[in-house]
file start19.txt (compact mmCIF, C-alpha atoms)
# COMPACT_ATOMS: atom_id res chain seq x y z
CA MET A 13 -19.09 3.28 7.69
CA SER A 14 -16.46 3.86 5.03
CA SER A 15 -17.49 7.47 4.42
CA SER A 16 -16.86 8.43 8.05
CA SER A 17 -13.46 6.73 8.03
CA ASN A 18 -12.65 8.66 4.84
CA ILE A 19 -13.58 11.88 6.64
CA VAL A 20 -11.48 10.93 9.67
CA ALA A 21 -8.53 10.25 7.36
CA MET A 22 -9.07 13.53 5.52
CA LYS A 23 -9.27 15.45 8.81
CA LYS A 24 -5.89 13.98 9.78
CA ILE A 25 -4.42 15.09 6.46
CA VAL A 26 -5.76 18.62 6.95
CA GLN A 27 -4.46 18.70 10.53
CA GLN A 28 -1.00 17.60 9.34
CA LEU A 29 -0.98 20.19 6.56
CA ARG A 30 -1.86 22.90 9.12
CA LEU A 31 1.11 21.81 11.22
CA GLU A 32 3.45 21.87 8.22
CA ALA A 33 2.14 25.22 7.01
CA GLY A 34 2.99 26.77 10.39
CA VAL A 35 6.72 25.91 10.23
CA ASN A 36 9.14 28.83 10.73
CA ARG A 37 11.24 29.29 7.62
CA VAL A 38 14.54 31.06 6.96
CA LYS A 39 15.56 32.65 3.69
CA VAL A 40 17.37 30.50 1.13
CA SER A 41 20.29 32.96 1.24
CA GLN A 42 20.75 32.20 4.96
CA ALA A 43 20.38 28.44 4.49
CA ALA A 44 22.79 28.41 1.53
CA ALA A 45 25.35 30.52 3.40
CA ASP A 46 25.24 28.17 6.41
CA LEU A 47 25.71 25.07 4.23
CA GLN A 48 28.66 26.67 2.46
CA GLN A 49 30.23 27.78 5.72
CA PHE A 50 29.96 24.30 7.20
CA CYS A 51 31.60 22.74 4.13
CA LEU A 52 34.43 25.23 4.06
CA GLN A 53 35.02 25.06 7.83
CA HIS A 54 35.31 21.28 7.78
CA ALA A 55 37.05 20.87 4.41
CA GLN A 56 40.52 20.43 5.85
CA HIS A 57 39.32 17.60 8.07
CA ASP A 58 37.52 15.68 5.31
CA PRO A 59 39.95 12.91 4.26
CA LEU A 60 37.95 11.88 1.17
CA LEU A 61 38.11 15.49 -0.02
CA THR A 62 41.71 16.32 0.83
CA GLY A 63 43.23 12.91 0.28
CA MET A 64 45.79 11.44 2.65
CA SER A 65 49.34 10.16 2.59
CA SER A 66 49.82 6.41 2.85
CA SER A 67 51.37 6.86 6.29
CA ASN A 68 48.08 8.36 7.49
CA ASN A 69 45.90 5.86 5.68
CA PRO A 70 44.91 2.90 7.87
CA PHE A 71 43.69 1.07 4.76
CA ARG A 72 46.99 1.33 2.95
CA PRO A 73 49.66 -0.52 4.83
CA GLN A 74 53.21 0.75 4.55
CA LYS A 75 55.55 -1.71 2.94
CA VAL A 76 58.07 -2.21 5.70
CA CYS A 77 60.71 -4.87 6.01
CA SER A 78 61.14 -6.21 9.50
CA PHE A 79 62.92 -9.03 11.18
CA LEU A 80 60.41 -11.54 12.53
CA MET B 2 -22.00 8.49 1.07
CA THR B 3 -24.66 10.82 2.53
CA THR B 4 -25.10 14.35 1.17
CA ILE B 5 -23.87 15.77 4.50
CA ALA B 6 -20.78 13.60 4.39
CA MET B 7 -20.11 14.60 0.78
CA GLY B 8 -20.34 18.26 1.73
CA GLU B 9 -17.94 17.83 4.64
CA MET B 10 -15.52 15.86 2.47
CA GLU B 11 -15.61 18.57 -0.19
CA GLN B 12 -14.91 21.21 2.44
CA LEU B 13 -11.98 19.26 3.83
CA ARG B 14 -10.56 18.75 0.33
CA LYS B 15 -10.76 22.51 -0.30
CA GLU B 16 -9.07 23.19 3.02
CA ALA B 17 -6.29 20.74 2.17
CA ASP B 18 -5.75 22.36 -1.23
CA ASN B 19 -5.65 25.81 0.36
CA LEU B 20 -3.07 24.70 2.88
CA LYS B 21 -0.93 23.13 0.14
CA ASP B 22 -1.05 26.43 -1.77
CA GLN B 23 -0.13 28.28 1.44
CA ILE B 24 2.91 26.07 1.93
CA THR B 25 4.01 26.54 -1.68
CA ALA B 26 3.66 30.33 -1.35
CA ALA B 27 5.46 30.45 2.01
CA ARG B 28 8.38 28.47 0.54
CA LYS B 29 8.53 30.73 -2.50
CA ALA B 30 8.61 33.80 -0.27
CA MET B 31 11.93 32.54 1.13
CA GLN B 32 13.55 32.28 -2.30
CA ASP B 33 15.66 35.44 -2.30
CA THR B 34 18.35 33.44 -4.15
CA THR B 35 19.29 29.88 -5.11
CA LEU B 36 22.10 27.68 -3.78
CA GLN B 37 23.56 27.79 -7.28
CA GLU B 38 23.74 31.60 -7.20
CA ALA B 39 24.95 31.73 -3.61
CA ALA B 40 27.78 29.31 -4.41
CA ALA B 41 28.71 31.00 -7.71
CA SER B 42 31.90 32.49 -6.32
CA ILE B 43 33.41 29.22 -5.04
CA ASN B 44 35.23 26.81 -7.32
CA VAL B 45 34.17 23.24 -8.04
CA VAL B 46 36.34 20.81 -6.09
CA GLY B 47 39.10 19.14 -8.07
CA ARG B 48 38.60 15.69 -9.56
CA VAL B 49 38.17 13.13 -6.75
CA GLN B 50 39.92 9.86 -7.50
CA LEU B 51 39.42 7.21 -4.87
CA LYS B 52 41.02 3.78 -5.11
CA THR B 53 39.82 0.42 -3.89
CA ARG B 54 41.97 -0.31 -0.86
CA LYS B 55 40.24 -3.51 0.29
CA THR B 56 37.79 -6.00 -1.17
CA LEU B 57 35.72 -7.92 1.36
CA ARG B 58 35.02 -11.35 -0.06
CA GLY B 59 32.83 -13.97 1.52
CA HIS B 60 29.18 -13.45 0.73
CA LEU B 61 27.72 -15.94 -1.75
CA ALA B 62 24.86 -13.85 -3.08
CA LYS B 63 23.72 -10.24 -3.58
CA ILE B 64 24.59 -7.82 -0.81
CA TYR B 65 21.63 -5.62 0.09
CA ALA B 66 22.93 -3.49 2.95
CA MET B 67 25.96 -2.45 4.94
CA HIS B 68 26.52 -0.19 7.94
CA TRP B 69 29.74 1.03 9.58
CA SER B 70 30.36 0.66 13.29
CA THR B 71 31.10 3.99 15.01
CA ASP B 72 34.72 2.81 15.51
CA SER B 73 35.32 3.30 11.75
CA LYS B 74 36.98 -0.12 11.60
CA LEU B 75 34.24 -2.75 11.85
CA CYS B 76 31.24 -2.90 9.55
CA VAL B 77 28.29 -5.23 9.07
CA SER B 78 26.83 -6.42 5.76
CA ALA B 79 23.69 -8.36 4.88
CA SER B 80 23.29 -10.67 1.93
CA GLN B 81 20.53 -12.83 0.53
CA ASP B 82 22.88 -15.77 1.07
CA GLY B 83 21.23 -15.60 4.51
CA LYS B 84 24.20 -14.20 6.41
CA LEU B 85 25.15 -11.10 8.36
CA ILE B 86 28.92 -10.69 8.33
CA VAL B 87 30.80 -8.38 10.68
CA TRP B 88 34.08 -7.44 9.02
CA ASP B 89 37.30 -5.87 10.21
CA SER B 90 37.64 -3.58 7.21
CA ILE B 91 41.38 -3.07 7.75
CA THR B 92 42.47 -6.72 7.96
CA THR B 93 39.46 -7.92 5.86
CA ASN B 94 38.91 -10.64 8.50
CA LYS B 95 35.40 -11.83 9.25
CA VAL B 96 34.81 -11.13 12.92
CA ASN B 97 31.36 -12.77 12.92
CA ALA B 98 29.35 -14.70 10.34
CA ILE B 99 25.78 -14.83 11.62
CA PRO B 100 23.34 -17.24 9.95
CA LEU B 101 19.86 -15.75 9.59
CA LYS B 102 16.49 -17.47 10.01
CA SER B 103 15.24 -15.68 6.92
CA SER B 104 17.58 -15.16 3.98
CA TRP B 105 15.39 -12.41 2.48
CA VAL B 106 17.23 -9.66 4.25
CA MET B 107 17.02 -6.07 3.02
CA THR B 108 18.69 -4.02 5.73
CA CYS B 109 21.21 -4.17 8.56
CA ALA B 110 22.47 -1.80 11.23
CA TYR B 111 25.25 -1.51 13.80
CA ALA B 112 24.40 -0.06 17.23
CA PRO B 113 26.49 3.01 18.18
CA SER B 114 27.84 1.06 21.19
CA GLY B 115 29.14 -1.73 18.96
CA ASN B 116 27.31 -4.30 21.10
CA LEU B 117 24.38 -5.09 18.81
CA VAL B 118 23.54 -5.50 15.16
CA ALA B 119 20.09 -5.71 13.59
CA CYS B 120 18.61 -6.88 10.32
CA GLY B 121 15.30 -7.56 8.63
CA GLY B 122 13.56 -7.91 5.30
CA LEU B 123 10.71 -9.89 3.79
CA ASP B 124 10.06 -11.57 7.13
CA ASN B 125 8.55 -8.20 8.20
CA MET B 126 10.62 -8.40 11.40
CA CYS B 127 13.63 -6.62 12.83
CA SER B 128 15.95 -9.14 14.51
CA ILE B 129 18.43 -7.86 17.09
CA TYR B 130 21.67 -9.82 17.68
CA ASN B 131 23.97 -9.47 20.67
CA LEU B 132 27.60 -9.55 19.52
CA LYS B 133 28.98 -9.47 23.05
CA GLY B 134 27.16 -12.46 24.61
CA LYS B 135 28.86 -14.13 27.56
CA ASP B 136 29.70 -17.44 25.88
CA GLY B 137 30.99 -15.74 22.75
CA ASN B 138 28.15 -17.02 20.55
CA VAL B 139 26.12 -14.48 18.64
CA LYS B 140 22.44 -15.07 19.29
CA VAL B 141 19.13 -13.44 18.46
CA MET B 142 18.34 -11.19 21.39
CA ARG B 143 14.94 -9.93 20.27
CA GLU B 144 12.62 -10.26 17.30
CA LEU B 145 10.61 -7.08 16.77
CA ALA B 146 7.43 -8.13 15.00
CA ALA B 147 4.45 -5.91 14.22
CA HIS B 148 5.06 -4.46 10.79
CA THR B 149 2.65 -5.76 8.17
CA GLY B 150 5.11 -5.18 5.36
CA TYR B 151 8.80 -5.79 4.62
CA LEU B 152 11.50 -4.16 6.69
CA SER B 153 13.36 -1.77 4.39
CA CYS B 154 15.68 -0.05 6.85
CA CYS B 155 16.58 0.10 10.53
CA ARG B 156 18.80 2.36 12.66
CA PHE B 157 19.68 2.11 16.37
CA LEU B 158 19.28 5.13 18.63
CA SER B 159 20.98 3.20 21.45
CA ASP B 160 21.16 -0.38 22.76
CA SER B 161 17.56 0.01 23.95
CA GLU B 162 15.86 1.75 21.03
CA ILE B 163 15.73 1.22 17.29
CA ILE B 164 13.77 2.84 14.46
CA THR B 165 12.51 0.79 11.53
CA SER B 166 10.94 1.69 8.17
CA SER B 167 8.60 -0.66 6.35
CA GLY B 168 6.76 -1.52 3.17
CA ASP B 169 3.59 -1.11 5.27
CA CYS B 170 4.11 2.68 4.87
CA THR B 171 5.01 3.30 8.51
CA CYS B 172 8.13 3.78 10.57
CA VAL B 173 8.29 2.55 14.16
CA LEU B 174 10.32 3.38 17.27
CA TRP B 175 10.81 0.18 19.28
CA ASP B 176 11.74 -0.56 22.88
CA ILE B 177 14.23 -3.39 22.35
CA GLU B 178 14.06 -4.61 25.95
CA THR B 179 10.32 -5.28 25.87
CA GLY B 180 10.10 -5.87 22.13
CA THR B 181 7.20 -3.42 21.85
CA GLN B 182 6.35 -0.47 19.61
CA LYS B 183 6.82 2.84 21.46
CA THR B 184 5.71 5.08 18.61
CA ILE B 185 4.24 4.51 15.15
CA PHE B 186 5.05 7.18 12.58
CA ALA B 187 2.26 7.09 10.00
CA GLY B 188 1.71 9.50 7.13
CA HIS B 189 3.54 8.22 4.07
CA GLN B 190 1.23 7.10 1.26
CA GLY B 191 3.69 4.56 -0.11
CA ASP B 192 6.26 1.98 1.06
CA CYS B 193 8.91 3.53 3.30
CA MET B 194 12.24 2.64 1.75
CA SER B 195 14.91 4.26 3.85
CA LEU B 196 15.54 6.25 7.03
CA ALA B 197 18.33 8.25 8.64
CA VAL B 198 18.71 9.63 12.18
CA SER B 199 19.81 13.24 12.79
CA PRO B 200 23.27 13.82 14.34
CA ASP B 201 21.59 14.98 17.60
CA PHE B 202 19.29 11.90 17.67
CA LYS B 203 16.19 14.12 18.03
CA PHE B 204 14.81 13.64 14.53
CA PHE B 205 14.80 11.11 11.74
CA ILE B 206 13.95 11.36 8.05
CA SER B 207 12.23 8.79 5.88
CA GLY B 208 12.07 8.40 2.10
CA ALA B 209 9.17 6.56 0.48
CA CYS B 210 7.49 5.30 -2.66
CA ASP B 211 5.07 8.24 -2.48
CA PHE B 212 8.02 10.27 -3.83
CA THR B 213 8.31 12.30 -0.59
CA ALA B 214 10.72 12.59 2.31
CA LYS B 215 9.36 13.32 5.81
CA LEU B 216 11.08 14.77 8.86
CA TRP B 217 9.85 13.22 12.13
CA ASP B 218 10.24 14.42 15.72
CA ILE B 219 11.19 11.22 17.55
CA ARG B 220 9.88 12.15 21.02
CA GLU B 221 6.75 14.02 19.87
CA GLY B 222 5.92 11.28 17.37
CA THR B 223 4.92 13.86 14.77
CA CYS B 224 5.83 14.65 11.18
CA ARG B 225 7.29 18.18 11.10
CA GLN B 226 7.91 18.66 7.40
CA THR B 227 7.26 16.90 4.07
CA PHE B 228 9.43 17.36 0.98
CA GLY B 229 8.31 16.57 -2.58
CA GLY B 230 9.76 17.12 -6.02
CA HIS B 231 11.02 13.66 -6.94
CA GLU B 232 9.26 11.97 -9.82
CA SER B 233 9.66 8.44 -8.53
CA ASP B 234 10.37 6.33 -5.44
CA ILE B 235 12.95 7.62 -2.99
CA ASN B 236 15.31 4.71 -2.28
CA ALA B 237 17.99 6.41 -0.20
CA ILE B 238 18.14 9.21 2.32
CA GLY B 239 20.74 10.83 4.54
CA PHE B 240 21.39 13.89 6.67
CA PHE B 241 23.86 16.54 5.60
CA PRO B 242 26.47 16.40 8.43
CA ASN B 243 25.33 19.64 10.12
CA GLY B 244 21.86 18.14 10.59
CA ASN B 245 20.15 21.05 8.81
CA ALA B 246 19.67 19.49 5.41
CA VAL B 247 18.52 16.20 3.94
CA ILE B 248 19.73 14.43 0.80
CA THR B 249 17.54 11.97 -1.07
CA GLY B 250 18.24 9.53 -3.93
CA SER B 251 15.49 8.35 -6.25
CA ASP B 252 14.49 6.00 -9.07
CA ASP B 253 14.09 9.19 -11.11
CA ALA B 254 17.93 9.14 -11.44
CA SER B 255 18.46 12.25 -9.34
CA CYS B 256 19.48 13.17 -5.83
CA LYS B 257 18.06 16.26 -4.15
CA LEU B 258 19.17 18.39 -1.22
CA TYR B 259 16.38 19.84 0.94
CA ASP B 260 17.18 22.45 3.59
CA LEU B 261 15.16 21.90 6.79
CA ARG B 262 15.20 25.53 7.93
CA ALA B 263 14.24 26.97 4.53
CA ASP B 264 11.73 24.10 4.26
CA GLN B 265 12.49 23.42 0.57
CA GLU B 266 14.60 21.83 -2.10
CA LEU B 267 17.80 23.79 -2.73
CA ILE B 268 19.43 21.79 -5.49
CA THR B 269 19.19 18.66 -7.66
CA TYR B 270 22.10 16.39 -8.57
CA GLN B 271 21.43 15.01 -12.01
CA ASP B 272 22.97 14.60 -15.42
CA SER B 273 21.31 13.80 -18.76
CA SER B 274 23.75 10.91 -19.18
CA ILE B 275 22.51 9.25 -15.99
CA MET B 276 19.27 7.42 -16.62
CA CYS B 277 19.16 4.81 -13.90
CA GLY B 278 17.95 4.88 -10.33
CA VAL B 279 19.91 5.91 -7.25
CA THR B 280 20.10 3.04 -4.78
CA SER B 281 22.16 4.48 -1.94
CA LEU B 282 23.98 7.61 -0.81
CA ALA B 283 26.38 8.97 1.78
CA PRO B 284 27.87 12.43 2.28
CA SER B 285 31.55 12.89 3.11
CA LEU B 286 32.50 14.27 6.54
CA SER B 287 32.37 17.96 5.57
CA GLY B 288 29.27 17.48 3.44
CA ARG B 289 31.08 18.83 0.40
CA LEU B 290 31.01 15.49 -1.40
CA LEU B 291 27.98 13.30 -2.02
CA LEU B 292 28.71 9.69 -2.92
CA ALA B 293 25.72 8.03 -4.59
CA GLY B 294 25.33 4.45 -5.80
CA TYR B 295 23.35 3.75 -8.97
CA ASP B 296 21.74 0.81 -10.75
CA ASP B 297 24.37 1.05 -13.52
CA PHE B 298 27.05 -0.47 -11.21
CA ASN B 299 28.76 2.89 -10.52
CA VAL B 300 29.06 5.36 -7.71
CA ASN B 301 29.03 9.01 -8.76
CA ILE B 302 30.70 11.60 -6.57
CA TRP B 303 29.04 15.02 -6.58
CA ASP B 304 30.21 18.43 -5.36
CA THR B 305 27.17 19.19 -3.17
CA LEU B 306 27.45 22.98 -3.44
CA LYS B 307 28.05 23.15 -7.22
CA ALA B 308 25.95 20.11 -8.26
CA GLU B 309 28.72 18.91 -10.56
CA ARG B 310 29.98 15.37 -10.86
CA VAL B 311 33.59 15.28 -9.69
CA GLY B 312 34.37 11.58 -9.63
CA VAL B 313 33.25 8.03 -10.30
CA LEU B 314 33.91 4.81 -8.41
CA ALA B 315 33.85 2.03 -10.97
CA GLY B 316 34.74 -1.39 -9.76
CA HIS B 317 31.66 -3.44 -9.16
CA ASP B 318 30.25 -5.93 -11.66
CA ASN B 319 26.67 -5.39 -10.65
CA ARG B 320 24.35 -2.85 -9.01
CA VAL B 321 25.79 -0.90 -6.06
CA SER B 322 23.11 -1.53 -3.44
CA CYS B 323 24.60 0.19 -0.42
CA ILE B 324 27.21 2.74 0.54
CA GLY B 325 28.53 4.22 3.77
CA VAL B 326 31.19 6.68 4.85
CA SER B 327 32.91 5.81 8.15
CA SER B 328 32.44 8.14 11.17
CA ASP B 329 35.99 9.48 10.94
CA GLY B 330 35.45 10.12 7.24
CA MET B 331 38.52 8.11 6.27
CA ALA B 332 36.84 5.61 3.98
CA CYS B 333 33.80 4.84 1.91
CA CYS B 334 32.43 1.29 1.74
CA THR B 335 30.31 0.07 -1.17
CA GLY B 336 28.29 -3.15 -1.26
CA SER B 337 27.03 -4.72 -4.45
CA TRP B 338 24.84 -7.37 -6.00
CA ASP B 339 28.16 -8.82 -7.23
CA SER B 340 28.54 -10.15 -3.62
CA PHE B 341 31.57 -7.99 -2.76
CA LEU B 342 32.17 -5.00 -0.53
CA LYS B 343 34.89 -2.55 -1.41
CA ILE B 344 36.65 -0.02 0.78
CA TRP B 345 37.73 3.16 -1.03
CA ASN B 346 39.72 6.25 -0.20
call {"tool": "encode", "arguments": {"input": "start19.txt", "output": "structure tokens"}}
result
Amino acid sequence: MSSSSNIVAMKKIVQQLRLEAGVNRVKVSQAAADLQQFCLQHAQHDPLLTGMSSSNNPFRPQKVCSFL
Amino acid sequence: MTTIAMGEMEQLRKEADNLKDQITAARKAMQDTTLQEAAASINVVGRVQLKTRKTLRGHLAKIYAMHWSTDSKLCVSASQDGKLIVWDSITTNKVNAIPLKSSWVMTCAYAPSGNLVACGGLDNMCSIYNLKGKDGNVKVMRELAAHTGYLSCCRFLSDSEIITSSGDCTCVLWDIETGTQKTIFAGHQGDCMSLAVSPDFKFFISGACDFTAKLWDIREGTCRQTFGGHESDINAIGFFPNGNAVITGSDDASCKLYDLRADQELITYQDSSIMCGVTSLAPSLSGRLLLAGYDDFNVNIWDTLKAERVGVLAGHDNRVSCIGVSSDGMACCTGSWDSFLKIWN
């Protein structure tokens, strides 16, 4: 019967919402601070952020003359 | 519907609405500040100017997906010319050119081991290919069939497990060995468009055409959290590198950052001058930069903490359909409907 399958579906939705409502949350100030800290801690090791010299860049071959 | 059933339905609807209000209130109670305010004292990063270092030429039609190998050198791309190509991004050589049974491919993935690649699309299947077969030929190892809609995305957990997302509104965890579904993740009310696995491999996130992103516990098989706010389909999703936040990209022309522990949206990346959909996204290694591909052929680079645009990658002659930052963070790869992949840093 379609009405009972609708009720089953709705019960699942309610059950899921109960689960999601029960999540432990931290304050935005804490979350924001942690995101900032992670960014700043890893900034020096982020090549797209800091840039790199051509000698350190595997995608930018050094122009070197060599005897073959 | 009987009167009793109608009464029960009405009760359930009320309960659902109450719970939604509870969630909204609980999230609001955590808002002692905003990310914008918290980051007020730090400066926007300087202008980021990346250059095209390599152009990978070889596909004959639109590129729909690309994925880096964990070695930060090889990458795989999928095109509707019916080929998967494994590239050496440094030499630009094609390591493998794999002909596909179905040319309507929408996604591809590289296994962390480097041994396997996978792809799928309008054939509703996820095909697994062994790159390291004994005789040197690349063959189909397994065809994972069960989805009743297109395969939009796939990501390996290991050589024996892969997660797929589908237009049938579900995501599935597969046992590659047996070719069977281990877990079905149902809950989205619209096509699932994209997925990303957490750095610790315990969770994955999915973005869908119901405008929401969901966080799933892989082993429990449950949805832990649901994030709304977008006004259109979510096409792209990724984890912030510390695993505690999720970034989404949508047809509503914005990207959003949701914090998992605060259980809410912290910031939106949008600009009134950007009016086209986001197709793809990837954070840089530190998470400070967000590279996002758009329908207008460009990639915009955002300062994730300040929500300001700090760079543009302009170089493709058609939509940027996919983007990826290598594991060592040294390069960004973009794939486009113009049939080319570009490596930038």
call {"tool": "residues_near_point", "arguments": {"input": "start19.txt", "point": "(32.7, -5.5, -5.0)", "cutoff": "6 Å", "atoms": "only C-alpha atoms", "output": "list in words"}}
result
His317, Ser337, Phe341, Leu342 and Lys343 of chain B
call {"tool": "residues_around", "arguments": {"input": "start19.txt", "residues": "Asn19 in chain B", "least_positions_apart": "4", "cutoff": "12 Å", "atoms": "only C-alpha atoms", "output": "list of chain:residue names"}}
result
A:Val26, A:Leu29, A:Arg30, A:Ala33, B:Gln12, B:Leu13, B:Arg14, B:Lys15, B:Gln23, B:Ile24, B:Thr25, B:Ala26
call {"tool": "write_last_selection", "arguments": {"input": "start19.txt", "atoms": "C-alpha atoms", "output": "PDB file, in the coordinates of the input"}}
result
ATOM      1  CA  VAL A  26      -5.760  18.620   6.950  1.00  0.00           C
ATOM      2  CA  LEU A  29      -0.980  20.190   6.560  1.00  0.00           C
ATOM      3  CA  ARG A  30      -1.860  22.900   9.120  1.00  0.00           C
ATOM      4  CA  ALA A  33       2.140  25.220   7.010  1.00  0.00           C
TER       5      ALA A  33
ATOM      6  CA  GLN B  12     -14.910  21.210   2.440  1.00  0.00           C
ATOM      7  CA  LEU B  13     -11.980  19.260   3.830  1.00  0.00           C
ATOM      8  CA  ARG B  14     -10.560  18.750   0.330  1.00  0.00           C
ATOM      9  CA  LYS B  15     -10.760  22.510  -0.300  1.00  0.00           C
ATOM     10  CA  GLN B  23      -0.130  28.280   1.440  1.00  0.00           C
ATOM     11  CA  ILE B  24       2.910  26.070   1.930  1.00  0.00           C
ATOM     12  CA  THR B  25       4.010  26.540  -1.680  1.00  0.00           C
ATOM     13  CA  ALA B  26       3.660  30.330  -1.350  1.00  0.00           C
TER      14      ALA B  26
END
call {"tool": "closest_atom_pairs", "arguments": {"input": "start19.txt", "of": "chain B", "to": "chain A", "cutoff": "6 Å", "atoms": "only C-alpha atoms", "output": "JSON lines"}}
result
{"residue": "B:Met2", "atom": "CA", "partner": "A:Ser15", "partner_atom": "CA", "distance": 5.7}
{"residue": "B:Ala17", "atom": "CA", "partner": "A:Val26", "partner_atom": "CA", "distance": 5.3}
{"residue": "B:Ile24", "atom": "CA", "partner": "A:Ala33", "partner_atom": "CA", "distance": 5.2}
{"residue": "B:Met31", "atom": "CA", "partner": "A:Lys39", "partner_atom": "CA", "distance": 4.4}
{"residue": "B:Gln32", "atom": "CA", "partner": "A:Val40", "partner_atom": "CA", "distance": 5.4}
{"residue": "B:Thr34", "atom": "CA", "partner": "A:Ser41", "partner_atom": "CA", "distance": 5.7}
{"residue": "B:Leu36", "atom": "CA", "partner": "A:Ala44", "partner_atom": "CA", "distance": 5.4}
{"residue": "B:Ile91", "atom": "CA", "partner": "A:Phe71", "partner_atom": "CA", "distance": 5.6}
{"residue": "B:Gln226", "atom": "CA", "partner": "A:Glu32", "partner_atom": "CA", "distance": 5.6}
{"residue": "B:Arg262", "atom": "CA", "partner": "A:Arg37", "partner_atom": "CA", "distance": 5.5}
{"residue": "B:Ala263", "atom": "CA", "partner": "A:Val38", "partner_atom": "CA", "distance": 4.8}
{"residue": "B:Leu286", "atom": "CA", "partner": "A:Asp58", "partner_atom": "CA", "distance": 5.4}
{"residue": "B:Ser287", "atom": "CA", "partner": "A:His54", "partner_atom": "CA", "distance": 5.0}
{"residue": "B:Gly288", "atom": "CA", "partner": "A:Cys51", "partner_atom": "CA", "distance": 5.8}
{"residue": "B:Arg289", "atom": "CA", "partner": "A:Cys51", "partner_atom": "CA", "distance": 5.4}
{"residue": "B:Met331", "atom": "CA", "partner": "A:Pro59", "partner_atom": "CA", "distance": 5.4}
call {"tool": "atom_distance", "arguments": {"input": "start19.txt", "atom1": "CA of Tyr295 in chain B", "atom2": "CA of Thr335 in chain B"}}
result
11.1 Å
call {"tool": "atom_distance", "arguments": {"input": "start19.txt", "atom1": "CA of Val326 in chain B", "atom2": "CA of Val311 in chain B"}}
result
17.1 Å
call {"tool": "residues_near_point", "arguments": {"input": "start19.txt", "point": "(18.1, 11.0, 19.1)", "cutoff": "10 Å", "atoms": "only C-alpha atoms", "output": "MDAnalysis selection string"}}
result
chainID B and resid 157:159 162 198:205 218:220
call {"tool": "residues_around", "arguments": {"input": "start19.txt", "residues": "Ala209 in chain B", "least_positions_apart": "3", "cutoff": "9 Å", "atoms": "only C-alpha atoms", "output": "PyMOL selection string"}}
result
chain B and resi 168+170+189-195+212-215+234-237
call {"tool": "residues_around", "arguments": {"input": "start19.txt", "residues": "Leu291 in chain B", "least_positions_apart": "5", "cutoff": "10 Å", "atoms": "all atoms listed in the file", "output": "PDB file with C-alpha atoms, in the coordinates of the input"}}
result
ATOM      1  CA  PHE B 241      23.860  16.540   5.600  1.00  0.00           C
ATOM      2  CA  ILE B 248      19.730  14.430   0.800  1.00  0.00           C
ATOM      3  CA  CYS B 256      19.480  13.170  -5.830  1.00  0.00           C
ATOM      4  CA  TYR B 270      22.100  16.390  -8.570  1.00  0.00           C
ATOM      5  CA  LEU B 282      23.980   7.610  -0.810  1.00  0.00           C
ATOM      6  CA  ALA B 283      26.380   8.970   1.780  1.00  0.00           C
ATOM      7  CA  PRO B 284      27.870  12.430   2.280  1.00  0.00           C
ATOM      8  CA  SER B 285      31.550  12.890   3.110  1.00  0.00           C
ATOM      9  CA  LEU B 286      32.500  14.270   6.540  1.00  0.00           C
ATOM     10  CA  VAL B 300      29.060   5.360  -7.710  1.00  0.00           C
ATOM     11  CA  ASN B 301      29.030   9.010  -8.760  1.00  0.00           C
ATOM     12  CA  ILE B 302      30.700  11.600  -6.570  1.00  0.00           C
ATOM     13  CA  TRP B 303      29.040  15.020  -6.580  1.00  0.00           C
ATOM     14  CA  ASP B 304      30.210  18.430  -5.360  1.00  0.00           C
ATOM     15  CA  THR B 305      27.170  19.190  -3.170  1.00  0.00           C
ATOM     16  CA  LEU B 306      27.450  22.980  -3.440  1.00  0.00           C
ATOM     17  CA  ALA B 308      25.950  20.110  -8.260  1.00  0.00           C
ATOM     18  CA  ARG B 310      29.980  15.370 -10.860  1.00  0.00           C
ATOM     19  CA  VAL B 311      33.590  15.280  -9.690  1.00  0.00           C
TER      20      VAL B 311
END
call {"tool": "atom_distance", "arguments": {"input": "start19.txt", "atom1": "CA of Ser70 in chain B", "atom2": "CA of Asp160 in chain B"}}
result
13.2 Å
call {"tool": "residues_around", "arguments": {"input": "start19.txt", "residues": "Thr171 in chain B", "least_positions_apart": "5", "cutoff": "12 Å", "atoms": "all atoms listed in the file", "output": "tab-separated table (two decimals) with C-alpha atoms, in the coordinates of the input"}}
result
chain	number	residue	atom	x	y	z
B	147	ALA	CA	4.45	-5.91	14.22
B	148	HIS	CA	5.06	-4.46	10.79
B	149	THR	CA	2.65	-5.76	8.17
B	150	GLY	CA	5.11	-5.18	5.36
B	151	TYR	CA	8.80	-5.79	4.62
B	152	LEU	CA	11.50	-4.16	6.69
B	153	SER	CA	13.36	-1.77	4.39
B	154	CYS	CA	15.68	-0.05	6.85
B	164	ILE	CA	13.77	2.84	14.46
B	165	THR	CA	12.51	0.79	11.53
B	166	SER	CA	10.94	1.69	8.17
B	182	GLN	CA	6.35	-0.47	19.61
B	184	THR	CA	5.71	5.08	18.61
B	185	ILE	CA	4.24	4.51	15.15
B	186	PHE	CA	5.05	7.18	12.58
B	187	ALA	CA	2.26	7.09	10.00
B	188	GLY	CA	1.71	9.50	7.13
B	189	HIS	CA	3.54	8.22	4.07
B	190	GLN	CA	1.23	7.10	1.26
B	191	GLY	CA	3.69	4.56	-0.11
B	192	ASP	CA	6.26	1.98	1.06
B	193	CYS	CA	8.91	3.53	3.30
B	194	MET	CA	12.24	2.64	1.75
B	195	SER	CA	14.91	4.26	3.85
B	196	LEU	CA	15.54	6.25	7.03
B	207	SER	CA	12.23	8.79	5.88
B	208	GLY	CA	12.07	8.40	2.10
B	209	ALA	CA	9.17	6.56	0.48
B	210	CYS	CA	7.49	5.30	-2.66
B	215	LYS	CA	9.36	13.32	5.81
B	217	TRP	CA	9.85	13.22	12.13
B	222	GLY	CA	5.92	11.28	17.37
B	224	CYS	CA	5.83	14.65	11.18
